[in-house]
Amino acid sequence: GGFTVVPGGRDRSPAPASALEPGSAVAVDVLRGDLNFSAIGTVTYRDGDRVLIFGHPFFQSGEVRMPLSSARITTIIGNVNTSFKLGTSGAPIGTATQDRRTAVGGRLGPSPRLLPIRVRVRGAGPRPQEFAFESIDDRSLLPQLVSAAVLNSLLESGGTGVMQTIRWSLAVWQGGRSLRLSDVAAGESPLADVAATLGAPVRFLGGNPYRRFRADSLVVELDTQPGRL
């Protein structure tokens, strides 16, 4: 069991959903946009627009709403310990609705709504940059996905210098209202600390045992400056 994280890409000539059959590659997208995270597996069974995939659980989360995409295996990397496949995900083809012990089940057709995430970075490069992501709204995965989006936005902007100060703010929007948090991190390499800290309030909100929290969008703003200020 477990997952192997490997490089991938996007398929610019994806197979249509009508071509999906047992043995075909299929992807469950967990993050889209300027960074893509997808789990690629195999179609086990198809009956019309209903499909069973993977032949094992994803996270065994029960009832879910995760986007399905077409996928293609490009090559197999042989390894004495653990061989693995390199693949690419393609166009949206449906929705995974059940994540159970024996398989992941879903339907071909419309894709579910994803949570918009915007990350704005200033100070890391000659001009401000904005990155756009869409994430599954999963209480277990969302904090890690927010952290990954923030960290990769900083890295892509060039914010990797040593000894720097990062001022950050997080706005969680729901129903026209927002919860706003902000703080400052300074040190020799504060990137990982900022990414982890931003995931903490998202984990807290998602862990509400009394009512499921569903945000409309998340906006993260980062202002980096050289030196410890």
# chains A, B, ... in the order shown; residues from 1 in each chain; ligands from 1
$ residues_around --residues "Gln164 of chain A" --least-positions-apart "2" --cutoff "6 Å" --atoms "only C-alpha atoms" --output "VMD selection string"
chain A and resid 162 186 to 187 225 to 228
$ select_by_dssp --residues "segment 73-208 of chain A" --states "alpha helix (DSSP H)" --output "count of residues only"
32
$ closest_residue --among "A:Leu142, A:Ile76, A:Val51, A:Val104" --to "Glu63 of chain A" --atoms "only C-alpha atoms"
A:Val104
$ closest_residue --among "A:Val121, A:Arg139, A:Ala25, A:Val64" --to "Gly90 of chain A" --atoms "only C-alpha atoms"
A:Ala25
$ closest_residue --among "A:Gly199, A:Pro22, A:Gly48, A:Pro128" --to "Val172 of chain A" --atoms "only C-alpha atoms"
A:Gly199
$ residues_around --residues "segment 130-134 of chain A" --least-positions-apart "3" --cutoff "10 Å" --atoms "only C-alpha atoms" --output "ChimeraX atom specification"
/A:29-36,113-122,137,145-146,149-150,152-154,156-157,217-221
$ select_by_dssp --residues "segment 13-228 of chain A" --states "strand (DSSP E or B)" --output "ChimeraX atom specification"
/A:25-33,37-47,50-53,62-77,84-99,104-108,115-122,129-135,164-174,177-187,217-226
$ closest_residue --among "A:Leu52, A:Ile93, A:Ala215, A:Ala19" --to "Ala171 of chain A" --atoms "only C-alpha atoms"
A:Ala215
$ residues_around --residues "Ser24 of chain A" --least-positions-apart "6" --cutoff "9 Å" --atoms "only C-alpha atoms" --output "PyMOL selection string"
chain A and resi 41-44+70-72
$ atom_distance --atom1 "atom CA of Ile136 of chain A" --atom2 "atom CA of Arg65 of chain A"
7.7 Å
$ closest_residue --among "A:Pro190, A:Gly87, A:Gly55, A:Asn81" --to "Ala39 of chain A" --atoms "only C-alpha atoms"
A:Gly87
$ atom_distance --atom1 "atom CA of Leu170 of chain A" --atom2 "atom CA of Tyr210 of chain A"
23.4 Å
$ residues_around --residues "Phe59 of chain A" --least-positions-apart "2" --cutoff "8 Å" --atoms "only C-alpha atoms" --output "list in words"
Pro57, Ser61 and Asp99 of chain A
$ write_last_selection --atoms "N, CA and C atoms" --output "PDB file, in the first residue's frame"
ATOM      1  N   PRO A  57      -8.830   1.399  -1.811  1.00  0.00           N
ATOM      2  CA  PRO A  57      -9.244   2.754  -1.420  1.00  0.00           C
ATOM      3  C   PRO A  57      -8.219   3.798  -1.817  1.00  0.00           C
ATOM      4  N   SER A  61     -12.240   7.468   2.523  1.00  0.00           N
ATOM      5  CA  SER A  61     -12.931   8.600   3.136  1.00  0.00           C
ATOM      6  C   SER A  61     -14.446   8.474   3.104  1.00  0.00           C
ATOM      7  N   ASP A  99     -15.334   6.508  -1.801  1.00  0.00           N
ATOM      8  CA  ASP A  99     -13.960   6.060  -1.566  1.00  0.00           C
ATOM      9  C   ASP A  99     -14.023   4.992  -0.478  1.00  0.00           C
TER      10      ASP A  99
END
$ atom_distance --atom1 "atom CA of Ser147 of chain A" --atom2 "atom CA of Ser69 of chain A"
23.7 Å
$ closest_residue --among "A:Val184, A:Met66, A:Leu205, A:Leu179" --to "Ala96 of chain A" --atoms "only C-alpha atoms"
A:Met66
$ residues_around --residues "Lys85 of chain A" --least-positions-apart "6" --cutoff "8 Å" --atoms "only C-alpha atoms" --output "list of chain:residue names"
A:Ile73, A:Thr74, A:Thr75, A:Ile76, A:Ile77
$ decode --residues "segment 203-216 of chain A" --atoms "N, CA and C atoms" --output "PDB file, in the first residue's frame"
ATOM      1  N   ARG A 203      -6.680  23.480   8.854  1.00  0.00           N
ATOM      2  CA  ARG A 203      -6.901  22.197   9.535  1.00  0.00           C
ATOM      3  C   ARG A 203      -7.877  22.367  10.695  1.00  0.00           C
ATOM      4  N   PHE A 204      -7.755  23.468  11.419  1.00  0.00           N
ATOM      5  CA  PHE A 204      -8.645  23.729  12.552  1.00  0.00           C
ATOM      6  C   PHE A 204     -10.092  23.881  12.089  1.00  0.00           C
ATOM      7  N   LEU A 205     -10.299  24.681  11.030  1.00  0.00           N
ATOM      8  CA  LEU A 205     -11.654  24.889  10.521  1.00  0.00           C
ATOM      9  C   LEU A 205     -12.251  23.597   9.976  1.00  0.00           C
ATOM     10  N   GLY A 206     -11.441  22.835   9.233  1.00  0.00           N
ATOM     11  CA  GLY A 206     -11.935  21.594   8.659  1.00  0.00           C
ATOM     12  C   GLY A 206     -12.202  20.520   9.681  1.00  0.00           C
ATOM     13  N   GLY A 207     -11.573  20.634  10.866  1.00  0.00           N
ATOM     14  CA  GLY A 207     -11.768  19.619  11.905  1.00  0.00           C
ATOM     15  C   GLY A 207     -12.940  19.873  12.816  1.00  0.00           C
ATOM     16  N   ASN A 208     -13.806  20.826  12.485  1.00  0.00           N
ATOM     17  CA  ASN A 208     -14.985  21.112  13.307  1.00  0.00           C
ATOM     18  C   ASN A 208     -15.844  19.850  13.442  1.00  0.00           C
ATOM     19  N   PRO A 209     -16.006  19.293  14.647  1.00  0.00           N
ATOM     20  CA  PRO A 209     -16.777  18.056  14.797  1.00  0.00           C
ATOM     21  C   PRO A 209     -18.288  18.260  14.785  1.00  0.00           C
ATOM     22  N   TYR A 210     -18.751  19.517  14.837  1.00  0.00           N
ATOM     23  CA  TYR A 210     -20.175  19.794  14.957  1.00  0.00           C
ATOM     24  C   TYR A 210     -20.833  20.132  13.624  1.00  0.00           C
ATOM     25  N   ARG A 211     -20.057  20.721  12.715  1.00  0.00           N
ATOM     26  CA  ARG A 211     -20.628  21.121  11.438  1.00  0.00           C
ATOM     27  C   ARG A 211     -19.545  21.154  10.378  1.00  0.00           C
ATOM     28  N   ARG A 212     -19.849  20.617   9.206  1.00  0.00           N
ATOM     29  CA  ARG A 212     -18.877  20.606   8.120  1.00  0.00           C
ATOM     30  C   ARG A 212     -18.643  22.027   7.622  1.00  0.00           C
ATOM     31  N   PHE A 213     -17.375  22.458   7.622  1.00  0.00           N
ATOM     32  CA  PHE A 213     -17.051  23.792   7.148  1.00  0.00           C
ATOM     33  C   PHE A 213     -16.687  23.736   5.668  1.00  0.00           C
ATOM     34  N   ARG A 214     -17.373  24.533   4.860  1.00  0.00           N
ATOM     35  CA  ARG A 214     -17.087  24.608   3.429  1.00  0.00           C
ATOM     36  C   ARG A 214     -16.810  26.058   3.058  1.00  0.00           C
ATOM     37  N   ALA A 215     -15.588  26.329   2.677  1.00  0.00           N
ATOM     38  CA  ALA A 215     -15.203  27.681   2.288  1.00  0.00           C
ATOM     39  C   ALA A 215     -15.576  27.931   0.826  1.00  0.00           C
ATOM     40  N   ASP A 216     -15.776  29.214   0.479  1.00  0.00           N
ATOM     41  CA  ASP A 216     -16.021  29.599  -0.909  1.00  0.00           C
ATOM     42  C   ASP A 216     -14.703  29.801  -1.660  1.00  0.00           C
TER      43      ASP A 216
END
